[in-house]
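J.: This is structure.csv (CSV, C-alpha atoms).
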chain,number,residue,atom,x,y,z
A,1,PRO,CA,52.4,23.3,-38.9
A,2,CYS,CA,50.3,20.5,-40.5
A,3,ARG,CA,46.6,21.2,-40.7
A,4,ALA,CA,45.2,18.1,-42.3
A,5,GLN,CA,45.4,15.8,-39.3
A,6,PRO,CA,43.8,18.1,-36.6
A,7,LYS,CA,41.0,19.0,-38.9
A,8,LYS,CA,40.2,15.3,-39.5
A,9,LYS,CA,40.2,14.7,-35.7
A,10,LYS,CA,37.7,17.5,-35.1
A,11,LYS,CA,35.3,16.3,-37.7
A,12,VAL,CA,35.5,12.7,-36.8
A,13,ASP,CA,35.2,13.5,-33.1
A,14,VAL,CA,32.2,15.7,-33.5
A,15,LYS,CA,30.5,13.1,-35.7
A,16,ARG,CA,31.3,10.3,-33.4
A,17,GLU,CA,30.0,12.2,-30.4
A,18,GLN,CA,26.8,13.1,-32.1
A,19,ALA,CA,26.3,9.6,-33.3
A,20,GLN,CA,26.9,8.3,-29.7
A,21,LYS,CA,24.5,10.9,-28.3
A,22,ASP,CA,21.8,9.9,-30.8
A,23,ARG,CA,22.2,6.2,-30.0
A,24,MET,CA,22.0,7.0,-26.3
A,25,LYS,CA,18.9,9.1,-26.8
A,26,LYS,CA,17.3,6.3,-28.8
A,27,LYS,CA,18.1,3.8,-26.1
A,28,ILE,CA,16.6,6.0,-23.4
A,29,LYS,CA,13.4,6.6,-25.5
A,30,LYS,CA,13.1,2.8,-25.9
A,31,LEU,CA,13.5,2.1,-22.2
A,32,GLU,CA,11.2,5.0,-21.2
A,33,LYS,CA,8.5,3.7,-23.5
A,34,ALA,CA,8.2,0.5,-21.4
A,35,ALA,CA,5.9,1.3,-18.4
A,36,PRO,CA,7.5,0.9,-15.0
A,37,GLU,CA,6.6,-2.4,-13.3
A,38,MET,CA,5.6,-2.9,-9.7
A,39,ILE,CA,7.8,-5.0,-7.5
A,40,PRO,CA,6.1,-8.4,-7.0
A,41,ILE,CA,5.0,-9.0,-3.4
A,42,GLU,CA,6.3,-12.3,-1.9
A,43,ASP,CA,3.4,-12.5,0.6
A,44,PHE,CA,0.9,-13.3,-2.1
A,45,VAL,CA,2.9,-16.1,-3.7
A,46,THR,CA,2.5,-19.4,-1.8
A,47,PRO,CA,5.9,-21.1,-1.7
A,48,LEU,CA,6.1,-24.4,-3.6
A,49,LYS,CA,6.8,-26.6,-0.6
A,50,TYR,CA,3.2,-26.1,0.5
A,51,SER,CA,1.6,-27.1,-2.8
A,52,ASP,CA,3.6,-30.2,-3.8
A,53,SER,CA,3.1,-32.7,-1.0
A,54,ASN,CA,0.0,-34.8,-0.7
A,55,ARG,CA,-0.4,-34.5,3.1
A,56,VAL,CA,-4.0,-34.2,4.0
A,57,ARG,CA,-5.2,-33.7,7.6
A,58,SER,CA,-7.8,-36.3,8.6
A,59,LEU,CA,-10.1,-34.8,11.2
A,60,SER,CA,-11.7,-37.3,13.6
A,61,PRO,CA,-15.5,-36.9,13.8
A,62,LEU,CA,-16.7,-34.8,16.7
A,63,SER,CA,-19.3,-36.0,19.2
A,64,PHE,CA,-22.7,-34.4,19.4
A,65,GLU,CA,-22.1,-32.7,22.7
A,66,GLU,CA,-18.8,-31.2,21.3
A,67,THR,CA,-20.5,-29.7,18.2
A,68,GLU,CA,-23.3,-28.3,20.4
A,69,ARG,CA,-20.8,-26.8,22.8
A,70,ARG,CA,-18.9,-25.2,19.9
A,71,VAL,CA,-22.0,-23.8,18.2
A,72,LEU,CA,-23.3,-22.3,21.5
A,73,LEU,CA,-19.8,-20.9,22.2
A,74,MET,CA,-19.7,-19.3,18.8
A,75,LYS,CA,-23.1,-17.7,19.3
A,76,ARG,CA,-22.1,-16.3,22.7
A,77,TRP,CA,-18.9,-15.0,21.2
A,78,CYS,CA,-20.8,-13.3,18.3
A,79,LEU,CA,-23.1,-11.6,20.8
A,80,PHE,CA,-20.2,-10.4,22.9
A,81,LYS,CA,-18.4,-9.0,19.8
A,82,GLN,CA,-21.6,-7.3,18.6
A,83,LYS,CA,-22.0,-5.6,22.0
A,84,GLN,CA,-18.4,-4.5,21.9
A,85,ASP,CA,-18.8,-3.1,18.4
A,86,LYS,CA,-22.0,-1.3,19.2
A,87,ALA,CA,-20.4,0.2,22.3
A,88,GLU,CA,-17.5,1.5,20.2
A,89,LYS,CA,-19.8,3.0,17.6
A,90,LYS,CA,-21.8,4.7,20.3
A,91,ALA,CA,-18.6,6.1,21.8
A,92,ILE,CA,-17.5,7.5,18.5
A,93,GLN,CA,-20.8,9.1,18.0
A,94,THR,CA,-20.8,10.7,21.4
A,95,LEU,CA,-17.3,12.0,20.7
A,96,VAL,CA,-18.3,13.6,17.5
A,97,GLU,CA,-21.4,15.1,19.0
A,98,ALA,CA,-19.5,16.5,21.9
A,99,GLN,CA,-17.0,18.0,19.5
A,100,GLN,CA,-19.7,19.6,17.4
A,101,GLU,CA,-21.3,21.1,20.5
A,102,ALA,CA,-18.0,22.4,21.8
A,103,LEU,CA,-17.4,24.0,18.4
A,104,LYS,CA,-20.8,25.6,18.4
A,105,GLU,CA,-20.2,27.1,21.8
A,106,LEU,CA,-16.8,28.3,20.7
A,107,ARG,CA,-18.4,30.0,17.7
A,108,LEU,CA,-20.8,31.8,20.0
A,109,GLU,CA,-17.9,32.9,22.2
A,110,SER,CA,-15.6,34.2,19.5
A,111,GLU,CA,-15.4,33.8,15.7
A,112,GLU,CA,-11.6,34.1,15.5
A,113,LEU,CA,-11.0,31.2,17.9
A,114,TYR,CA,-13.5,29.1,16.0
A,115,GLN,CA,-11.8,29.7,12.7
A,116,ALA,CA,-8.4,28.9,14.2
A,117,ALA,CA,-9.9,25.6,15.7
A,118,ILE,CA,-11.4,24.5,12.4
A,119,ARG,CA,-8.0,24.8,10.6
A,120,ARG,CA,-6.1,21.7,10.0
A,121,ASP,CA,-3.1,20.8,12.1
A,122,GLU,CA,0.1,20.8,10.1
A,123,GLY,CA,2.0,19.1,12.9
A,124,LEU,CA,-0.3,16.1,13.0
A,125,PHE,CA,1.4,14.3,10.2
A,126,PRO,CA,3.6,12.4,10.1
A,127,PHE,CA,2.3,10.5,13.0
A,128,GLU,CA,4.1,7.5,14.3
A,129,ARG,CA,3.3,5.0,17.1
A,130,ASP,CA,4.6,1.7,18.1
A,131,GLY,CA,2.2,-1.0,19.0
A,132,PRO,CA,1.9,-2.2,22.6
A,133,ASN,CA,4.1,-5.1,23.7
A,134,TYR,CA,3.1,-8.3,25.3
A,135,THR,CA,5.8,-7.9,28.0
A,136,PRO,CA,7.5,-4.7,29.2
A,137,PRO,CA,11.2,-4.5,28.5
A,138,LEU,CA,13.4,-6.1,31.1
A,139,PRO,CA,15.4,-3.6,33.1
A,140,GLY,CA,19.2,-4.2,33.0
A,141,TYR,CA,19.0,-6.7,30.1
A,142,ASP,CA,22.3,-7.1,28.3
A,143,PRO,CA,21.6,-8.3,24.8
A,144,PRO,CA,24.3,-10.3,22.9
A,145,GLU,CA,26.1,-8.3,20.2
A,146,GLY,CA,25.1,-8.9,16.7
A,147,LYS,CA,24.0,-7.3,13.5
A,148,SER,CA,21.2,-7.7,11.0
A,149,VAL,CA,21.8,-8.1,7.3
A,150,ASP,CA,19.2,-7.1,4.8
A,151,ILE,CA,18.8,-9.9,2.3
A,152,THR,CA,15.7,-8.7,0.4
A,153,LYS,CA,15.7,-9.8,-3.2
A,154,VAL,CA,16.3,-6.8,-5.5
A,155,TYR,CA,14.2,-6.7,-8.6
A,156,THR,CA,15.4,-4.8,-11.6
A,157,GLN,CA,13.5,-4.1,-14.8
B,1,ALA,CA,-21.5,-28.9,-39.7
B,2,PHE,CA,-22.6,-25.6,-41.0
B,3,LEU,CA,-20.8,-22.5,-39.8
B,4,SER,CA,-22.8,-19.5,-38.7
B,5,CYS,CA,-23.2,-16.9,-41.5
B,6,HIS,CA,-21.8,-13.4,-40.8
B,7,ARG,CA,-22.8,-11.9,-44.1
B,8,GLN,CA,-24.1,-8.3,-43.9
B,9,TYR,CA,-27.3,-8.2,-46.0
B,10,ARG,CA,-27.1,-4.4,-46.1
B,11,SER,CA,-30.2,-3.9,-48.3
B,12,ARG,CA,-32.4,-6.0,-46.0
B,13,PRO,CA,-34.1,-4.6,-43.0
B,14,THR,CA,-32.5,-7.3,-40.9
B,15,HIS,CA,-29.1,-5.7,-41.4
B,16,GLY,CA,-27.0,-6.0,-38.2
B,17,ILE,CA,-29.5,-8.2,-36.5
B,18,GLY,CA,-27.0,-10.2,-34.4
B,19,ARG,CA,-25.1,-7.1,-33.0
B,20,PHE,CA,-24.8,-6.9,-29.3
B,21,LYS,CA,-21.3,-5.8,-28.4
B,22,TYR,CA,-22.3,-2.2,-28.6
B,23,LEU,CA,-24.7,-2.7,-25.8
B,24,LEU,CA,-22.1,-4.0,-23.4
B,25,PRO,CA,-20.2,-1.6,-21.0
B,26,LYS,CA,-16.9,-0.5,-22.4
B,27,GLU,CA,-13.9,-2.5,-21.1
B,28,ALA,CA,-10.9,-0.3,-20.1
B,29,SER,CA,-7.8,-1.2,-22.0
B,30,LYS,CA,-5.3,-3.2,-19.9
B,31,LYS,CA,-2.1,-1.5,-20.8
B,32,ARG,CA,-2.1,1.8,-18.9
B,33,LYS,CA,0.7,3.8,-17.5
B,34,GLU,CA,0.5,4.2,-13.7
B,35,LYS,CA,-1.4,7.4,-12.9
B,36,VAL,CA,0.4,10.2,-11.0
B,37,GLN,CA,-0.9,10.9,-7.6
B,38,MET,CA,-3.7,13.4,-6.9
B,39,LYS,CA,-3.9,16.2,-4.3
B,40,ALA,CA,-7.0,17.5,-2.6
B,41,ILE,CA,-8.0,21.1,-2.7
B,42,ASN,CA,-7.8,23.1,0.6
B,43,PHE,CA,-11.1,24.9,1.1
B,44,GLY,CA,-11.3,28.2,2.9
B,45,THR,CA,-12.6,27.6,6.4
B,46,GLU,CA,-13.1,23.8,6.6
B,47,TYR,CA,-9.8,22.2,5.8
B,48,GLU,CA,-9.5,18.8,4.4
B,49,TYR,CA,-6.3,16.7,4.3
B,50,GLY,CA,-5.0,15.5,1.0
B,51,ASP,CA,-3.9,11.9,0.3
B,52,ILE,CA,-2.9,10.3,3.5
B,53,ASN,CA,-1.1,6.9,3.8
B,54,ILE,CA,-1.7,4.7,6.8
B,55,GLN,CA,1.3,2.4,6.8
B,56,MET,CA,1.3,-0.7,9.1
B,57,THR,CA,4.5,-2.6,9.6
B,58,SER,CA,5.1,-5.8,11.5
B,59,TYR,CA,7.0,-9.1,11.6
B,60,ASP,CA,3.6,-10.9,11.8
B,61,LEU,CA,1.9,-11.3,8.5
B,62,CYS,CA,-1.6,-12.3,9.7
B,63,LEU,CA,-1.8,-9.5,12.3
B,64,VAL,CA,-0.9,-6.8,9.8
B,65,GLU,CA,-3.3,-8.2,7.2
B,66,HIS,CA,-6.2,-8.3,9.6
B,67,PHE,CA,-5.4,-4.8,11.0
B,68,ALA,CA,-5.3,-3.4,7.4
B,69,GLN,CA,-8.7,-5.0,6.7
B,70,TYR,CA,-10.1,-3.6,9.9
B,71,VAL,CA,-8.9,-0.1,9.1
B,72,HIS,CA,-10.4,-0.4,5.6
B,73,LYS,CA,-13.8,-1.5,7.0
B,74,LEU,CA,-13.7,1.3,9.6
B,75,CYS,CA,-13.1,3.8,6.8
B,76,ASN,CA,-16.0,2.4,4.8
B,77,GLN,CA,-18.3,2.6,7.9
B,78,LEU,CA,-17.2,6.2,8.6
B,79,SER,CA,-17.7,7.1,4.9
B,80,ILE,CA,-14.1,8.1,4.5
B,81,ARG,CA,-13.0,7.7,0.9
B,82,VAL,CA,-10.3,5.0,0.5
B,83,ASN,CA,-8.2,5.5,-2.7
B,84,GLU,CA,-6.1,2.4,-2.5
B,85,SER,CA,-5.2,-0.4,-0.2
B,86,TYR,CA,-2.0,-2.2,-1.2
B,87,ALA,CA,0.9,-4.1,0.2
B,88,MET,CA,4.5,-2.9,0.1
B,89,PRO,CA,7.2,-5.5,-0.8
B,90,THR,CA,8.4,-7.6,2.1
B,91,LYS,CA,11.8,-7.0,3.6
B,92,THR,CA,13.9,-10.0,4.8
B,93,ASN,CA,16.4,-9.5,7.6
B,94,GLU,CA,19.0,-12.1,8.6
B,95,LEU,CA,20.0,-11.7,12.2
B,96,LEU,CA,23.5,-12.7,13.3
B,97,PHE,CA,24.7,-12.6,16.8
B,98,LEU,CA,28.2,-12.9,18.2
B,99,GLU,CA,28.8,-16.1,20.2
B,100,GLU,CA,30.0,-15.8,23.7
B,101,ARG,CA,33.1,-17.9,23.3
B,102,GLY,CA,34.4,-17.2,19.8
B,103,SER,CA,34.6,-14.6,17.2
B,104,LYS,CA,32.2,-16.2,14.7
B,105,MET,CA,28.8,-14.6,13.9
B,106,GLN,CA,26.1,-17.2,14.4
B,107,VAL,CA,23.0,-17.1,12.3
B,108,ASP,CA,20.2,-16.6,14.7
B,109,ALA,CA,17.0,-16.1,12.7
B,110,VAL,CA,15.5,-14.8,9.5
B,111,LEU,CA,12.8,-12.3,10.0
B,112,THR,CA,10.4,-11.0,7.3
B,113,THR,CA,8.9,-7.5,7.7
B,114,HIS,CA,5.5,-6.9,6.1
B,115,GLN,CA,3.9,-3.6,5.4
B,116,ARG,CA,0.4,-2.7,4.4
B,117,VAL,CA,-0.8,0.7,3.2
B,118,VAL,CA,-4.3,2.1,3.2
B,119,GLN,CA,-4.6,5.4,1.3
B,120,ILE,CA,-7.4,7.8,2.3
B,121,SER,CA,-8.4,11.2,1.1
B,122,GLY,CA,-11.0,13.7,2.2
B,123,LEU,CA,-10.4,13.5,6.0
B,124,SER,CA,-11.8,16.6,7.7
B,125,SER,CA,-9.7,18.4,10.2
B,126,THR,CA,-12.2,18.0,13.0
B,127,PHE,CA,-12.6,14.3,12.6
B,128,ALA,CA,-8.9,13.5,12.0
B,129,PRO,CA,-7.9,13.3,15.7
B,130,ILE,CA,-10.9,11.1,16.5
B,131,PHE,CA,-10.0,8.8,13.7
B,132,LEU,CA,-6.4,8.5,14.9
B,133,GLU,CA,-7.7,7.8,18.4
B,134,ILE,CA,-9.8,4.9,17.2
B,135,ILE,CA,-7.0,3.4,15.2
B,136,GLN,CA,-4.6,3.8,18.1
B,137,SER,CA,-6.9,2.1,20.6
B,138,ASN,CA,-7.3,-0.9,18.3
B,139,GLN,CA,-3.7,-1.2,17.4
B,140,PRO,CA,-2.5,-4.8,18.0
B,141,GLU,CA,0.8,-5.8,19.6
B,142,GLY,CA,3.9,-5.6,17.5
B,143,VAL,CA,2.3,-3.5,14.7
B,144,HIS,CA,4.0,-0.2,14.1
B,145,LEU,CA,1.7,2.5,12.8
B,146,LEU,CA,2.8,5.4,10.6
B,147,VAL,CA,0.4,8.0,9.2
B,148,LYS,CA,1.8,10.4,6.7
B,149,GLU,CA,1.0,12.3,3.6
B,150,HIS,CA,1.4,10.6,0.3
B,151,THR,CA,4.3,11.7,-1.8
B,152,GLU,CA,5.7,10.8,-5.2
B,153,ALA,CA,8.7,9.1,-3.5
B,154,ASP,CA,6.3,6.8,-1.7
B,155,PHE,CA,4.8,5.9,-5.0
B,156,LYS,CA,8.1,5.3,-6.7
B,157,SER,CA,9.4,3.0,-3.9
B,158,ARG,CA,6.8,0.4,-5.1
B,159,LEU,CA,8.3,0.4,-8.7
B,160,LYS,CA,11.2,-1.7,-9.8
B,161,SER,CA,14.5,0.0,-10.2
B,162,ARG,CA,15.9,0.5,-13.7
B,163,PRO,CA,19.7,0.6,-13.5
B,164,GLU,CA,20.2,0.8,-17.3
B,165,LEU,CA,18.0,3.8,-17.7
B,166,GLU,CA,19.6,5.5,-14.7
B,167,GLU,CA,23.1,4.8,-16.0
B,168,LEU,CA,22.2,6.2,-19.4
B,169,LEU,CA,20.6,9.3,-17.9
B,170,ALA,CA,23.7,9.8,-15.7
B,171,GLN,CA,25.9,9.5,-18.8
B,172,MET,CA,23.8,12.0,-20.7
B,173,SER,CA,23.9,14.8,-18.1
For the file at hand, write its structure as structure tokens.
T.:
Amino acid sequence: PCRAQPKKKKKVDVKREQAQKDRMKKKIKKLEKAAPEMIPIEDFVTPLKYSDSNRVRSLSPLSFEETERRVLLMKRWCLFKQKQDKAEKKAIQTLVEAQQEALKELRLESEELYQAAIRRDEGLFPFERDGPNYTPPLPGYDPPEGKSVDITKVYTQ
Amino acid sequence: AFLSCHRQYRSRPTHGIGRFKYLLPKEASKKRKEKVQMKAINFGTEYEYGDINIQMTSYDLCLVEHFAQYVHKLCNQLSIRVNESYAMPTKTNELLFLEERGSKMQVDAVLTTHQRVVQISGLSSTFAPIFLEIIQSNQPEGVHLLVKEHTEADFKSRLKSRPELEELLAQMS
């Protein structure tokens, strides 16, 4: 049985494998050194077609009555919104106060229940809710068949 | 033109007369690795939630932006600490529908889904349901609300994928 050839194979293989592993480790270290980048958000980049053209909107001058009407309308709207906001804040405050009072009463009743009520609710998160719709869904509506294809641009580093 | 002299004059009492940079506040270095997320401590009796993500998704960009701003202002007013308020990358969907007479898929529309995230921490357990109630009552149409705890996977979904690194790591192991 010849010995020379299998011995050479073992040495060369081991050396080659080690060299390969070292090269891979070096490459990995180099790639890992670079900090991971965030995906750029397309919302914050204005598309070029809105910046090149020279179209400028020319507004016709408004009459005095129109400007007065607009200013007064704006003031009435501001007042309305302020009242709405104050009512909301008041509602929040009453809610919080009522809650605190209820907790105080509960504490006087029994300490155990109070402790259990103070604890955080594990089942609260994750919380999901769909927004309200402009129109309710039509009963008996047969939508056409189709599919949606995801064409988001994939960024790689 | 004479150039200004920056000689030291170390023996004179006027040494270092023009120095001012040591008085300015220190600028943080720009190149920083992204920090890992934090987790709040759970106290004994009064529990506080850790990092919570309020994610708002919708097809309408303006609505989502305005709602995110509203939630941020609300948190400021209610003195809830806001860690971050960022946007997730937009997703584009191309909708195809099957024509009535024919087997071709007709391109119907291209919709973009936008998502904004407001990250809060330090929400007390008694106030959390009230807070959720307020947000729900002010939710605009078409905006999908999702409130969940912040995980590392959420953080990593914002970063770019590195296929070469992943390939090499897969080869190594």
J.: Neighbouring residues of Leu111 (chain B) were defined as those with any atom within 8 Å, considering all atoms listed in the file; residues of the same chain fewer than 4 positions away were excluded. Please report them as a PyMOL selection string.
T.: chain B and resi 59+92-95
J.: Please write the residues from the selection above to a file, keeping C-alpha atoms, as a short mmCIF file (atom, residue, chain, number, x, y, z; two decimals), in the frame of the given file.
T.:
data_model
loop_
_atom_site.label_atom_id
_atom_site.label_comp_id
_atom_site.auth_asym_id
_atom_site.auth_seq_id
_atom_site.Cartn_x
_atom_site.Cartn_y
_atom_site.Cartn_z
CA TYR B 59 7.00 -9.10 11.60
CA THR B 92 13.90 -10.00 4.80
CA ASN B 93 16.40 -9.50 7.60
CA GLU B 94 19.00 -12.10 8.60
CA LEU B 95 20.00 -11.70 12.20
#
J.: Please find the residues of chain B near chain A - the criterion being any atom within 6 Å, counting all atoms listed in the file - and write them as a ChimeraX atom specification.
T.: /B:33,47,89,91-98,125,141-148,158-162
J.: Under the rule that only C-alpha atoms are counted, which of B:His150, B:Arg116, B:Lys156, B:Lys26 is the nearest residue to Ser58 (chain B)?
T.: B:Arg116
J.: What is the CA of Arg101 (chain B)-CA of Pro136 (chain A) distance in Å, reported with one decimal?
T.: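 Distance between the two atoms: 29.4 Å.
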J.: Near Val82 (chain B), counting all atoms listed in the file, which residues have an atom at most 12 Å away, once you skip same-chain residues fewer than 4 positions from it, shown as a PyMOL selection string?
T.: chain B and resi 50-54+68-69+71-78+86+117-123
J.: For the selection just defined, write its residues with C-alpha atoms to a file, as a short mmCIF file (atom, residue, chain, number, x, y, z; two decimals), keeping the file's coordinate frame.
T.:
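Full text of out_32.cif as output:
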data_model
loop_
_atom_site.label_atom_id
_atom_site.label_comp_id
_atom_site.auth_asym_id
_atom_site.auth_seq_id
_atom_site.Cartn_x
_atom_site.Cartn_y
_atom_site.Cartn_z
CA GLY B 50 -5.00 15.50 1.00
CA ASP B 51 -3.90 11.90 0.30
CA ILE B 52 -2.90 10.30 3.50
CA ASN B 53 -1.10 6.90 3.80
CA ILE B 54 -1.70 4.70 6.80
CA ALA B 68 -5.30 -3.40 7.40
CA GLN B 69 -8.70 -5.00 6.70
CA VAL B 71 -8.90 -0.10 9.10
CA HIS B 72 -10.40 -0.40 5.60
CA LYS B 73 -13.80 -1.50 7.00
CA LEU B 74 -13.70 1.30 9.60
CA CYS B 75 -13.10 3.80 6.80
CA ASN B 76 -16.00 2.40 4.80
CA GLN B 77 -18.30 2.60 7.90
CA LEU B 78 -17.20 6.20 8.60
CA TYR B 86 -2.00 -2.20 -1.20
CA VAL B 117 -0.80 0.70 3.20
CA VAL B 118 -4.30 2.10 3.20
CA GLN B 119 -4.60 5.40 1.30
CA ILE B 120 -7.40 7.80 2.30
CA SER B 121 -8.40 11.20 1.10
CA GLY B 122 -11.00 13.70 2.20
CA LEU B 123 -10.40 13.50 6.00
#
J.: In Å, with one decimal, what is the gap from CA of Met56 (chain B) to CA of Ser137 (chain B)?
T.: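 Pair CA of Met56 (chain B) / CA of Ser137 (chain B) returns 14.4 Å.
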J.: Taking (28.6, 10.8, -24.7) in the file's coordinates, which residues come within 12 Å, counting only C-alpha atoms, written as a PyMOL selection string?
T.: (chain A and resi 13-25) or (chain B and resi 167-173)
J.: Between CA of Phe80 (chain A) and CA of Glu68 (chain A), what is the spacing in Å?
T.: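 For CA of Glu68 (chain A) relative to CA of Phe80 (chain A), the distance reads 18.3 Å.
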